[in-house]
>>> print(open('input.txt').read())   # compact mmCIF, C-alpha atoms
# COMPACT_ATOMS: atom_id res chain seq x y z
CA MET Y 93 -16.55 10.53 -16.60
CA SER Y 94 -14.29 8.86 -19.15
CA LEU Y 95 -11.38 6.83 -17.76
CA LYS Y 96 -9.53 6.65 -21.08
CA GLY Y 97 -5.90 7.60 -20.54
CA LYS Y 98 -6.34 8.05 -16.77
CA SER Y 99 -3.50 6.71 -14.64
CA VAL Y 100 -4.53 4.48 -11.73
CA PHE Y 101 -2.51 3.11 -8.82
CA ILE Y 102 -4.21 0.29 -6.91
CA THR Y 103 -3.18 -1.71 -3.89
CA GLY Y 104 -4.78 -5.12 -3.46
CA GLY Y 105 -5.28 -5.27 -7.21
CA THR Y 106 -4.54 -8.99 -7.41
CA GLY Y 107 -7.18 -9.98 -4.84
CA GLY Y 108 -10.71 -11.25 -5.24
CA ILE Y 109 -12.26 -7.82 -5.79
CA GLY Y 110 -9.17 -6.07 -7.10
CA ALA Y 111 -8.46 -8.39 -10.02
CA PRO Y 112 -11.86 -7.97 -11.76
CA LEU Y 113 -11.78 -4.24 -11.00
CA VAL Y 114 -8.41 -3.92 -12.74
CA VAL Y 115 -9.89 -5.66 -15.80
CA LEU Y 116 -12.80 -3.19 -15.91
CA LEU Y 117 -10.48 -0.21 -15.54
CA ARG Y 118 -8.19 -1.37 -18.32
CA GLU Y 119 -11.12 -2.16 -20.59
CA ALA Y 120 -12.23 1.45 -20.06
CA GLY Y 121 -8.84 2.67 -21.25
CA ALA Y 122 -7.20 3.44 -17.91
CA ILE Y 123 -3.47 2.91 -17.43
CA VAL Y 124 -3.36 0.77 -14.28
CA LYS Y 125 -0.37 0.10 -12.06
CA VAL Y 126 -0.99 -2.67 -9.53
CA TYR Y 127 0.95 -3.13 -6.33
CA ASP Y 128 1.45 -6.89 -6.24
CA HIS Y 129 2.55 -8.11 -2.82
CA HIS Y 130 3.81 -11.38 -4.35
CA LYS Y 131 6.23 -9.48 -6.58
CA ASP Y 132 6.67 -6.20 -4.74
CA GLY Y 133 6.76 -7.45 -1.14
CA ASP Y 134 4.75 -6.60 1.96
CA LEU Y 135 2.91 -3.32 1.37
CA ALA Y 136 3.02 -2.19 5.00
CA ASP Y 137 6.76 -2.82 5.19
CA ASN Y 138 7.36 -0.97 1.91
CA ILE Y 139 4.99 1.95 2.43
CA ASP Y 140 7.82 4.52 2.57
CA GLN Y 141 9.05 3.51 -0.89
CA VAL Y 142 5.50 3.35 -2.22
CA CYS Y 143 4.81 6.87 -0.99
CA GLU Y 144 8.01 8.14 -2.60
CA THR Y 145 6.82 6.67 -5.90
CA LEU Y 146 3.37 8.20 -5.51
CA LEU Y 147 4.89 11.61 -4.75
CA ARG Y 148 7.16 11.41 -7.79
CA ASP Y 149 4.62 9.91 -10.20
CA THR Y 150 1.18 10.77 -8.86
CA PRO Y 151 -1.72 8.93 -10.54
CA ASP Y 152 -5.03 10.47 -11.49
CA ILE Y 153 -6.80 7.86 -9.37
CA LEU Y 154 -5.63 6.16 -6.18
CA ILE Y 155 -7.46 3.01 -5.08
CA ASN Y 156 -6.69 1.72 -1.58
CA MET Y 157 -7.91 -1.87 -1.85
CA ALA Y 158 -5.40 -3.92 0.18
CA GLY Y 159 -6.60 -5.24 3.51
CA ILE Y 160 -6.50 -8.13 5.98
CA ASN Y 161 -8.77 -9.36 8.73
CA ASP Y 162 -8.49 -11.63 11.75
CA ILE Y 163 -11.38 -13.28 13.55
CA ASN Y 164 -10.21 -14.00 17.06
CA TYR Y 165 -10.55 -13.00 20.69
CA ALA Y 166 -9.51 -9.39 21.25
CA GLU Y 167 -6.50 -10.34 23.38
CA ASP Y 168 -5.17 -12.64 20.65
CA GLN Y 169 -5.24 -10.19 17.75
CA ASN Y 170 -2.25 -8.34 16.32
CA TYR Y 171 -3.70 -4.85 16.38
CA GLU Y 172 -0.56 -3.18 15.05
CA ARG Y 173 -0.54 -5.37 11.94
CA LEU Y 174 -4.27 -4.96 11.35
CA HIS Y 175 -4.23 -1.19 11.77
CA ARG Y 176 -1.07 -0.68 9.72
CA LEU Y 177 -2.43 -2.27 6.55
CA ASN Y 178 -6.12 -1.44 6.91
CA LEU Y 179 -5.78 2.14 8.13
CA LEU Y 180 -2.30 3.66 8.21
CA VAL Y 181 -1.19 2.43 4.78
CA PRO Y 182 -4.14 4.00 2.91
CA MET Y 183 -3.78 7.19 4.96
CA ARG Y 184 -0.09 7.42 4.06
CA ALA Y 185 -0.85 6.74 0.38
CA CYS Y 186 -3.44 9.52 0.40
CA GLN Y 187 -0.94 11.93 1.91
CA ALA Y 188 1.50 11.10 -0.85
CA VAL Y 189 -0.87 11.85 -3.76
CA LEU Y 190 -2.46 15.00 -2.35
CA PRO Y 191 0.28 17.56 -3.18
CA ALA Y 192 0.25 16.84 -6.93
CA MET Y 193 -3.51 16.42 -7.04
CA LYS Y 194 -3.89 19.84 -5.41
CA VAL Y 195 -1.54 21.43 -7.94
CA ARG Y 196 -3.56 19.88 -10.77
CA ASN Y 197 -6.84 20.56 -8.93
CA SER Y 198 -8.04 17.14 -10.00
CA GLY Y 199 -7.92 13.55 -8.84
CA GLN Y 200 -9.82 10.70 -7.26
CA ILE Y 201 -9.17 8.77 -4.09
CA ILE Y 202 -11.01 5.50 -3.46
CA THR Y 203 -10.96 3.83 -0.04
CA ILE Y 204 -12.37 0.39 0.69
CA GLY Y 205 -14.09 0.08 4.04
CA SER Y 206 -16.37 -2.60 5.46
CA MET Y 207 -19.83 -3.04 6.89
CA SER Y 208 -17.98 -4.26 9.98
CA ALA Y 209 -17.10 -0.62 10.62
CA LEU Y 210 -20.80 0.29 10.77
CA ILE Y 211 -21.97 -2.95 12.42
CA PRO Y 212 -18.96 -3.98 14.53
CA LEU Y 213 -19.11 -7.72 15.04
CA PRO Y 214 -17.76 -9.81 17.92
CA HIS Y 215 -14.21 -11.13 17.43
CA LEU Y 216 -13.41 -8.52 14.76
CA THR Y 217 -12.20 -5.77 17.09
CA GLY Y 218 -8.98 -5.00 15.22
CA TYR Y 219 -10.43 -5.10 11.72
CA ALA Y 220 -13.65 -3.28 12.61
CA SER Y 221 -11.83 -0.49 14.46
CA ALA Y 222 -9.35 -0.01 11.60
CA LYS Y 223 -12.13 0.16 9.02
CA ALA Y 224 -14.12 2.54 11.24
CA GLY Y 225 -11.05 4.76 11.34
CA LEU Y 226 -10.78 4.61 7.55
CA ASN Y 227 -14.45 5.57 7.27
CA ALA Y 228 -13.87 8.63 9.47
CA PHE Y 229 -10.67 9.51 7.61
CA SER Y 230 -12.46 9.36 4.26
CA ASP Y 231 -15.32 11.57 5.48
CA SER Y 232 -12.91 14.08 7.00
CA LEU Y 233 -10.67 14.19 3.92
CA ARG Y 234 -13.62 14.57 1.54
CA ARG Y 235 -14.86 17.54 3.56
CA GLU Y 236 -11.39 19.04 3.68
CA LEU Y 237 -11.18 18.82 -0.12
CA GLY Y 238 -14.65 20.28 -0.61
CA GLY Y 239 -13.32 23.38 -2.37
CA THR Y 240 -11.34 21.37 -4.92
CA ASN Y 241 -11.97 19.03 -7.84
CA ILE Y 242 -10.46 16.11 -5.92
CA SER Y 243 -13.09 13.52 -5.01
CA VAL Y 244 -13.03 10.94 -2.24
CA THR Y 245 -15.18 7.83 -2.57
CA HIS Y 246 -15.62 5.38 0.29
CA ILE Y 247 -16.79 1.88 -0.57
CA ILE Y 248 -18.51 -0.21 2.13
CA PRO Y 249 -18.93 -3.85 1.09
CA ARG Y 250 -20.55 -6.56 3.15
CA ALA Y 251 -19.05 -10.09 3.12
CA VAL Y 252 -17.55 -11.00 -0.25
CA ARG Y 253 -16.56 -14.45 -1.51
CA THR Y 254 -12.81 -13.89 -1.35
CA ALA Y 255 -9.86 -15.44 0.45
CA MET Y 256 -10.53 -13.09 3.36
CA ASN Y 257 -13.72 -15.02 4.10
CA ARG Y 258 -12.31 -18.52 4.21
CA GLY Y 259 -11.41 -20.75 7.13
CA THR Y 260 -12.74 -19.58 10.48
CA ALA Y 261 -14.53 -16.66 8.86
CA ALA Y 262 -16.35 -18.98 6.47
CA GLU Y 263 -17.48 -21.25 9.31
CA ILE Y 264 -18.82 -18.36 11.37
CA ASN Y 265 -20.46 -16.73 8.35
CA GLU Y 266 -22.19 -19.96 7.36
CA ARG Y 267 -23.58 -20.62 10.84
CA THR Y 268 -24.73 -17.02 11.30
CA ASN Y 269 -26.35 -16.87 7.83
CA VAL Y 270 -24.16 -14.06 6.52
CA HIS Y 271 -25.07 -12.79 3.05
CA TYR Y 272 -22.27 -12.84 0.46
CA ASP Y 273 -21.66 -10.80 -2.67
CA ASP Y 274 -19.71 -12.01 -5.68
CA PRO Y 275 -16.34 -10.25 -6.14
CA ALA Y 276 -17.15 -9.36 -9.75
CA ASP Y 277 -20.39 -7.67 -8.68
CA VAL Y 278 -18.59 -5.62 -6.03
CA ALA Y 279 -15.89 -4.71 -8.55
CA ALA Y 280 -18.60 -3.53 -10.96
CA GLY Y 281 -20.11 -1.39 -8.20
CA ILE Y 282 -16.75 0.18 -7.42
CA PHE Y 283 -16.11 0.83 -11.11
CA LYS Y 284 -19.47 2.58 -11.43
CA ALA Y 285 -18.69 4.66 -8.33
CA ILE Y 286 -15.39 5.76 -9.87
CA VAL Y 287 -17.00 6.74 -13.15
CA LYS Y 288 -19.78 8.65 -11.39
CA ARG Y 289 -17.43 10.04 -8.68
CA LYS Y 290 -19.81 8.94 -5.95
CA ARG Y 291 -19.32 9.96 -2.34
CA GLU Y 292 -20.09 6.59 -0.77
CA VAL Y 293 -21.41 3.19 -1.81
CA ARG Y 294 -22.87 0.66 0.65
CA PHE Y 295 -23.62 -2.92 -0.35
CA GLY Y 296 -26.45 -5.08 0.99
CA TRP Y 297 -29.94 -3.88 1.94
CA PRO Y 298 -30.32 -5.76 5.25
CA GLU Y 299 -26.83 -4.65 6.29
CA ARG Y 300 -27.54 -1.02 5.44
CA PHE Y 301 -30.68 -1.18 7.58
CA PHE Y 302 -28.84 -2.75 10.51
CA ALA Y 303 -26.10 -0.13 10.19
CA PHE Y 304 -28.79 2.52 10.54
CA LEU Y 305 -30.19 0.76 13.61
CA ASN Y 306 -26.75 0.44 15.14
CA GLY Y 307 -26.34 4.19 14.87
CA ILE Y 308 -29.52 5.02 16.78
CA PHE Y 309 -30.33 1.88 18.82
CA PRO Y 310 -26.99 0.13 19.47
CA SER Y 311 -28.46 -1.85 22.37
CA LEU Y 312 -30.76 -3.67 19.92
CA ILE Y 313 -27.78 -4.71 17.85
CA ASP Y 314 -25.91 -5.71 21.03
CA GLN Y 315 -28.71 -8.14 21.83
CA GLY Y 316 -29.07 -9.37 18.27
CA LEU Y 317 -25.38 -10.22 17.97
CA GLN Y 318 -25.22 -12.38 21.07
CA LYS Y 319 -25.98 -15.40 18.88
CA ASN Y 320 -23.02 -14.48 16.68
CA ARG Y 321 -20.82 -14.15 19.76
CA LYS Y 322 -21.74 -17.61 21.01
CA ILE Y 323 -21.22 -19.22 17.62
CA GLY Y 324 -17.89 -17.44 17.25
CA GLU Y 325 -16.77 -18.63 20.66
CA GLU Y 326 -17.70 -22.23 19.86
CA ILE Y 327 -15.71 -22.20 16.62
CA LEU Y 328 -12.71 -20.37 18.06
CA ASN Y 329 -12.57 -22.69 21.03
CA GLU Y 330 -12.70 -25.69 18.73
CA HIS Y 331 -9.81 -24.34 16.67
CA ASN Y 332 -7.76 -23.38 19.73
CA SER Y 333 -8.27 -26.66 21.60
>>> encode(input="input.txt", output="structure tokens")
Amino acid sequence: MSLKGKSVFITGGTGGIGAPLVVLLREAGAIVKVYDHHKDGDLADNIDQVCETLLRDTPDILINMAGINDINYAEDQNYERLHRLNLLVPMRACQAVLPAMKVRNSGQIITIGSMSALIPLPHLTGYASAKAGLNAFSDSLRRELGGTNISVTHIIPRAVRTAMNRGTAAEINERTNVHYDDPADVAAGIFKAIVKRKREVRFGWPERFFAFLNGIFPSLIDQGLQKNRKIGEEILNEHNS
């Protein structure tokens, strides 16, 4: 599918994956509007205004890229903040574009999930649960729109070398031998998925296999992640001491 002249609205378009994706979209001739939290303010706080804009000027393609994580003990996480940006904001944005897309009988919605939704890791309870919800939302919405020409694509990256995986996350990832992808490579995969209107894209062969195992033998994954739990506890305790 040609993207020339297509209008795109993207959240998180200034981030590690978003920035190179915006470049690819513009090089393909798309007209891209980026929500920039540095200029436009906190996306979760401004979601009402964003939705009003999307209702009034609905793009051909909506890309829900913005997200945050927090690696911490469950009792110390801000679940409301994590779920608002990672789950409720993209759901609200989707609601806003659907009326016009249905009238046109065309459109694309892209949601960015995480392997943590399929292989929920210790100390990521808020992030993993929000991304699992977004996975379910994307599946449900795609099925609901099955009789239309509106496509829903769910992207499931593994760890990516972005600001989200610095600090505590970087320490835990290094000690647990987490595999990383380059942001530009993930952006290229998302771009290809948009052009081909794919249903879902998962990154990382070992992670895809473990996601399969987690679905049928979760107890095996429980046992396998005990090392990750212990390493996470050591690092968190060091930082909190």
>>> closest_residue(input="input.txt", among="Y:Leu237, Y:Leu210, Y:Leu312, Y:Ile139", to="Pro191 of chain Y", atoms="all atoms listed in the file")
Y:Leu237
>>> closest_residue(input="input.txt", among="Y:His175, Y:Lys98, Y:Arg235, Y:Arg321", to="Ile286 of chain Y", atoms="all atoms listed in the file")
Y:Lys98
>>> residues_around(input="input.txt", residues="Lys223 of chain Y", least_positions_apart="2", cutoff="9 Å", atoms="all atoms listed in the file", output="PDB file with C-alpha atoms, in the frame of the given file")
ATOM      1  CA  HIS Y 175      -4.230  -1.190  11.770  1.00  0.00           C
ATOM      2  CA  ASN Y 178      -6.120  -1.440   6.910  1.00  0.00           C
ATOM      3  CA  LEU Y 179      -5.780   2.140   8.130  1.00  0.00           C
ATOM      4  CA  ILE Y 204     -12.370   0.390   0.690  1.00  0.00           C
ATOM      5  CA  GLY Y 205     -14.090   0.080   4.040  1.00  0.00           C
ATOM      6  CA  SER Y 206     -16.370  -2.600   5.460  1.00  0.00           C
ATOM      7  CA  MET Y 207     -19.830  -3.040   6.890  1.00  0.00           C
ATOM      8  CA  SER Y 208     -17.980  -4.260   9.980  1.00  0.00           C
ATOM      9  CA  ALA Y 209     -17.100  -0.620  10.620  1.00  0.00           C
ATOM     10  CA  LEU Y 210     -20.800   0.290  10.770  1.00  0.00           C
ATOM     11  CA  GLY Y 218      -8.980  -5.000  15.220  1.00  0.00           C
ATOM     12  CA  TYR Y 219     -10.430  -5.100  11.720  1.00  0.00           C
ATOM     13  CA  ALA Y 220     -13.650  -3.280  12.610  1.00  0.00           C
ATOM     14  CA  SER Y 221     -11.830  -0.490  14.460  1.00  0.00           C
ATOM     15  CA  GLY Y 225     -11.050   4.760  11.340  1.00  0.00           C
ATOM     16  CA  LEU Y 226     -10.780   4.610   7.550  1.00  0.00           C
ATOM     17  CA  ASN Y 227     -14.450   5.570   7.270  1.00  0.00           C
ATOM     18  CA  ALA Y 228     -13.870   8.630   9.470  1.00  0.00           C
TER      19      ALA Y 228
END
>>> closest_residue(input="input.txt", among="Y:Ala111, Y:Leu147, Y:Ile247, Y:Leu154", to="Ser99 of chain Y", atoms="only C-alpha atoms")
Y:Leu154
>>> residues_around(input="input.txt", residues="Thr240 of chain Y", least_positions_apart="4", cutoff="10 Å", atoms="only C-alpha atoms", output="PyMOL selection string")
chain Y and resi 193-194+196-199+234-236
>>> axis_aligned_box(input="input.txt", around="segment 294-306 of chain Y", padding_each_side="4 Å", output="JSON")
{"center_x": -26.8, "center_y": -1.6, "center_z": 7.4, "size_x": 15.8, "size_y": 16.3, "size_z": 23.5}
>>> residues_around(input="input.txt", residues="Gln141 of chain Y", least_positions_apart="5", cutoff="12 Å", atoms="all atoms listed in the file", output="JSON list (two decimals) with C-alpha atoms, in the coordinates of the input")
[["chain", "number", "residue", "atom", "x", "y", "z"],
["Y", 127, "TYR", "CA", 0.95, -3.13, -6.33],
["Y", 132, "ASP", "CA", 6.67, -6.20, -4.74],
["Y", 133, "GLY", "CA", 6.76, -7.45, -1.14],
["Y", 134, "ASP", "CA", 4.75, -6.60, 1.96],
["Y", 135, "LEU", "CA", 2.91, -3.32, 1.37],
["Y", 136, "ALA", "CA", 3.02, -2.19, 5.00],
["Y", 146, "LEU", "CA", 3.37, 8.20, -5.51],
["Y", 147, "LEU", "CA", 4.89, 11.61, -4.75],
["Y", 148, "ARG", "CA", 7.16, 11.41, -7.79],
["Y", 181, "VAL", "CA", -1.19, 2.43, 4.78],
["Y", 184, "ARG", "CA", -0.09, 7.42, 4.06],
["Y", 185, "ALA", "CA", -0.85, 6.74, 0.38],
["Y", 188, "ALA", "CA", 1.50, 11.10, -0.85]]
>>> residues_around(input="input.txt", residues="Gly281 of chain Y", least_positions_apart="2", cutoff="12 Å", atoms="only C-alpha atoms", output="ChimeraX atom specification")
/Y:109-110,112-113,116,204,245-249,273-279,283-290,292-296
>>> closest_residue(input="input.txt", among="Y:Arg118, Y:Lys125, Y:Arg176, Y:His130", to="Val100 of chain Y", atoms="all atoms listed in the file")
Y:Lys125
>>> atom_distance(input="input.txt", atom1="atom CA of Thr203 of chain Y", atom2="atom CA of Thr106 of chain Y")
16.1 Å
>>> atom_distance(input="input.txt", atom1="atom CA of His331 of chain Y", atom2="atom CA of Glu263 of chain Y")
11.1 Å
>>> residues_around(input="input.txt", residues="Gly316 of chain Y", least_positions_apart="3", cutoff="12 Å", atoms="only C-alpha atoms", output="VMD selection string")
chain Y and resid 211 213 to 214 268 302 305 to 306 309 to 313 319 to 322
>>> closest_residue(input="input.txt", among="Y:Ser333, Y:Ser230, Y:Asn241, Y:Thr103", to="Val142 of chain Y", atoms="only C-alpha atoms")
Y:Thr103
>>> atom_distance(input="input.txt", atom1="atom CA of Pro212 of chain Y", atom2="atom CA of Arg250 of chain Y")
11.8 Å
>>> build_atoms(input="input.txt", residues="segment 237-248 of chain Y", atoms="all heavy atoms", output="PDB file, in the frame of the given file")
ATOM      1  N   LEU Y 237     -11.430  18.550   1.304  1.00  0.00           N
ATOM      2  CA  LEU Y 237     -11.180  18.820  -0.120  1.00  0.00           C
ATOM      3  C   LEU Y 237     -12.420  19.367  -0.819  1.00  0.00           C
ATOM      4  O   LEU Y 237     -12.460  19.418  -2.047  1.00  0.00           O
ATOM      5  CB  LEU Y 237     -10.734  17.520  -0.803  1.00  0.00           C
ATOM      6  CG  LEU Y 237      -9.410  16.923  -0.296  1.00  0.00           C
ATOM      7  CD1 LEU Y 237      -9.181  15.539  -0.902  1.00  0.00           C
ATOM      8  CD2 LEU Y 237      -8.245  17.853  -0.613  1.00  0.00           C
ATOM      9  N   GLY Y 238     -13.393  19.810  -0.049  1.00  0.00           N
ATOM     10  CA  GLY Y 238     -14.650  20.280  -0.610  1.00  0.00           C
ATOM     11  C   GLY Y 238     -14.527  21.426  -1.581  1.00  0.00           C
ATOM     12  O   GLY Y 238     -15.369  21.595  -2.461  1.00  0.00           O
ATOM     13  N   GLY Y 239     -13.498  22.239  -1.464  1.00  0.00           N
ATOM     14  CA  GLY Y 239     -13.320  23.380  -2.370  1.00  0.00           C
ATOM     15  C   GLY Y 239     -12.466  23.058  -3.572  1.00  0.00           C
ATOM     16  O   GLY Y 239     -12.055  23.968  -4.303  1.00  0.00           O
ATOM     17  N   THR Y 240     -12.195  21.768  -3.806  1.00  0.00           N
ATOM     18  CA  THR Y 240     -11.340  21.370  -4.920  1.00  0.00           C
ATOM     19  C   THR Y 240     -12.098  20.426  -5.857  1.00  0.00           C
ATOM     20  O   THR Y 240     -13.248  20.057  -5.597  1.00  0.00           O
ATOM     21  CB  THR Y 240     -10.087  20.621  -4.409  1.00  0.00           C
ATOM     22  OG1 THR Y 240     -10.473  19.306  -3.956  1.00  0.00           O
ATOM     23  CG2 THR Y 240      -9.434  21.377  -3.250  1.00  0.00           C
ATOM     24  N   ASN Y 241     -11.408  20.021  -6.919  1.00  0.00           N
ATOM     25  CA  ASN Y 241     -11.970  19.030  -7.840  1.00  0.00           C
ATOM     26  C   ASN Y 241     -11.394  17.629  -7.569  1.00  0.00           C
ATOM     27  O   ASN Y 241     -11.359  16.786  -8.465  1.00  0.00           O
ATOM     28  CB  ASN Y 241     -11.675  19.428  -9.291  1.00  0.00           C
ATOM     29  CG  ASN Y 241     -12.507  20.622  -9.731  1.00  0.00           C
ATOM     30  OD1 ASN Y 241     -13.686  20.712  -9.393  1.00  0.00           O
ATOM     31  ND2 ASN Y 241     -11.899  21.539 -10.451  1.00  0.00           N
ATOM     32  N   ILE Y 242     -10.949  17.420  -6.331  1.00  0.00           N
ATOM     33  CA  ILE Y 242     -10.460  16.110  -5.920  1.00  0.00           C
ATOM     34  C   ILE Y 242     -11.593  15.406  -5.170  1.00  0.00           C
ATOM     35  O   ILE Y 242     -12.104  15.938  -4.182  1.00  0.00           O
ATOM     36  CB  ILE Y 242      -9.233  16.228  -5.003  1.00  0.00           C
ATOM     37  CG1 ILE Y 242      -8.136  17.043  -5.696  1.00  0.00           C
ATOM     38  CG2 ILE Y 242      -8.718  14.850  -4.610  1.00  0.00           C
ATOM     39  CD1 ILE Y 242      -7.008  17.438  -4.765  1.00  0.00           C
ATOM     40  N   SER Y 243     -11.980  14.243  -5.640  1.00  0.00           N
ATOM     41  CA  SER Y 243     -13.090  13.520  -5.010  1.00  0.00           C
ATOM     42  C   SER Y 243     -12.575  12.382  -4.151  1.00  0.00           C
ATOM     43  O   SER Y 243     -11.519  11.814  -4.410  1.00  0.00           O
ATOM     44  CB  SER Y 243     -14.048  12.981  -6.078  1.00  0.00           C
ATOM     45  OG  SER Y 243     -13.407  12.029  -6.895  1.00  0.00           O
ATOM     46  N   VAL Y 244     -13.337  12.074  -3.118  1.00  0.00           N
ATOM     47  CA  VAL Y 244     -13.030  10.940  -2.240  1.00  0.00           C
ATOM     48  C   VAL Y 244     -14.267  10.045  -2.206  1.00  0.00           C
ATOM     49  O   VAL Y 244     -15.359  10.504  -1.858  1.00  0.00           O
ATOM     50  CB  VAL Y 244     -12.671  11.403  -0.814  1.00  0.00           C
ATOM     51  CG1 VAL Y 244     -12.428  10.191   0.095  1.00  0.00           C
ATOM     52  CG2 VAL Y 244     -11.453  12.314  -0.829  1.00  0.00           C
ATOM     53  N   THR Y 245     -14.086   8.799  -2.561  1.00  0.00           N
ATOM     54  CA  THR Y 245     -15.180   7.830  -2.570  1.00  0.00           C
ATOM     55  C   THR Y 245     -14.879   6.713  -1.591  1.00  0.00           C
ATOM     56  O   THR Y 245     -13.809   6.091  -1.655  1.00  0.00           O
ATOM     57  CB  THR Y 245     -15.369   7.220  -3.977  1.00  0.00           C
ATOM     58  OG1 THR Y 245     -15.667   8.257  -4.910  1.00  0.00           O
ATOM     59  CG2 THR Y 245     -16.499   6.200  -3.976  1.00  0.00           C
ATOM     60  N   HIS Y 246     -15.801   6.453  -0.683  1.00  0.00           N
ATOM     61  CA  HIS Y 246     -15.620   5.380   0.290  1.00  0.00           C
ATOM     62  C   HIS Y 246     -16.580   4.247  -0.037  1.00  0.00           C
ATOM     63  O   HIS Y 246     -17.787   4.454  -0.139  1.00  0.00           O
ATOM     64  CB  HIS Y 246     -15.880   5.901   1.710  1.00  0.00           C
ATOM     65  CG  HIS Y 246     -15.476   4.946   2.782  1.00  0.00           C
ATOM     66  ND1 HIS Y 246     -14.212   4.417   2.870  1.00  0.00           N
ATOM     67  CD2 HIS Y 246     -16.174   4.410   3.817  1.00  0.00           C
ATOM     68  CE1 HIS Y 246     -14.140   3.607   3.915  1.00  0.00           C
ATOM     69  NE2 HIS Y 246     -15.320   3.577   4.500  1.00  0.00           N
ATOM     70  N   ILE Y 247     -16.021   3.057  -0.215  1.00  0.00           N
ATOM     71  CA  ILE Y 247     -16.790   1.880  -0.570  1.00  0.00           C
ATOM     72  C   ILE Y 247     -16.979   1.017   0.675  1.00  0.00           C
ATOM     73  O   ILE Y 247     -16.021   0.730   1.396  1.00  0.00           O
ATOM     74  CB  ILE Y 247     -16.071   1.052  -1.654  1.00  0.00           C
ATOM     75  CG1 ILE Y 247     -15.715   1.926  -2.862  1.00  0.00           C
ATOM     76  CG2 ILE Y 247     -16.926  -0.141  -2.059  1.00  0.00           C
ATOM     77  CD1 ILE Y 247     -16.890   2.468  -3.622  1.00  0.00           C
ATOM     78  N   ILE Y 248     -18.217   0.585   0.934  1.00  0.00           N
ATOM     79  CA  ILE Y 248     -18.510  -0.210   2.130  1.00  0.00           C
ATOM     80  C   ILE Y 248     -19.173  -1.519   1.713  1.00  0.00           C
ATOM     81  O   ILE Y 248     -20.396  -1.624   1.641  1.00  0.00           O
ATOM     82  CB  ILE Y 248     -19.421   0.577   3.098  1.00  0.00           C
ATOM     83  CG1 ILE Y 248     -18.795   1.946   3.416  1.00  0.00           C
ATOM     84  CG2 ILE Y 248     -19.656  -0.209   4.381  1.00  0.00           C
ATOM     85  CD1 ILE Y 248     -19.644   2.820   4.313  1.00  0.00           C
TER      86      ILE Y 248
END
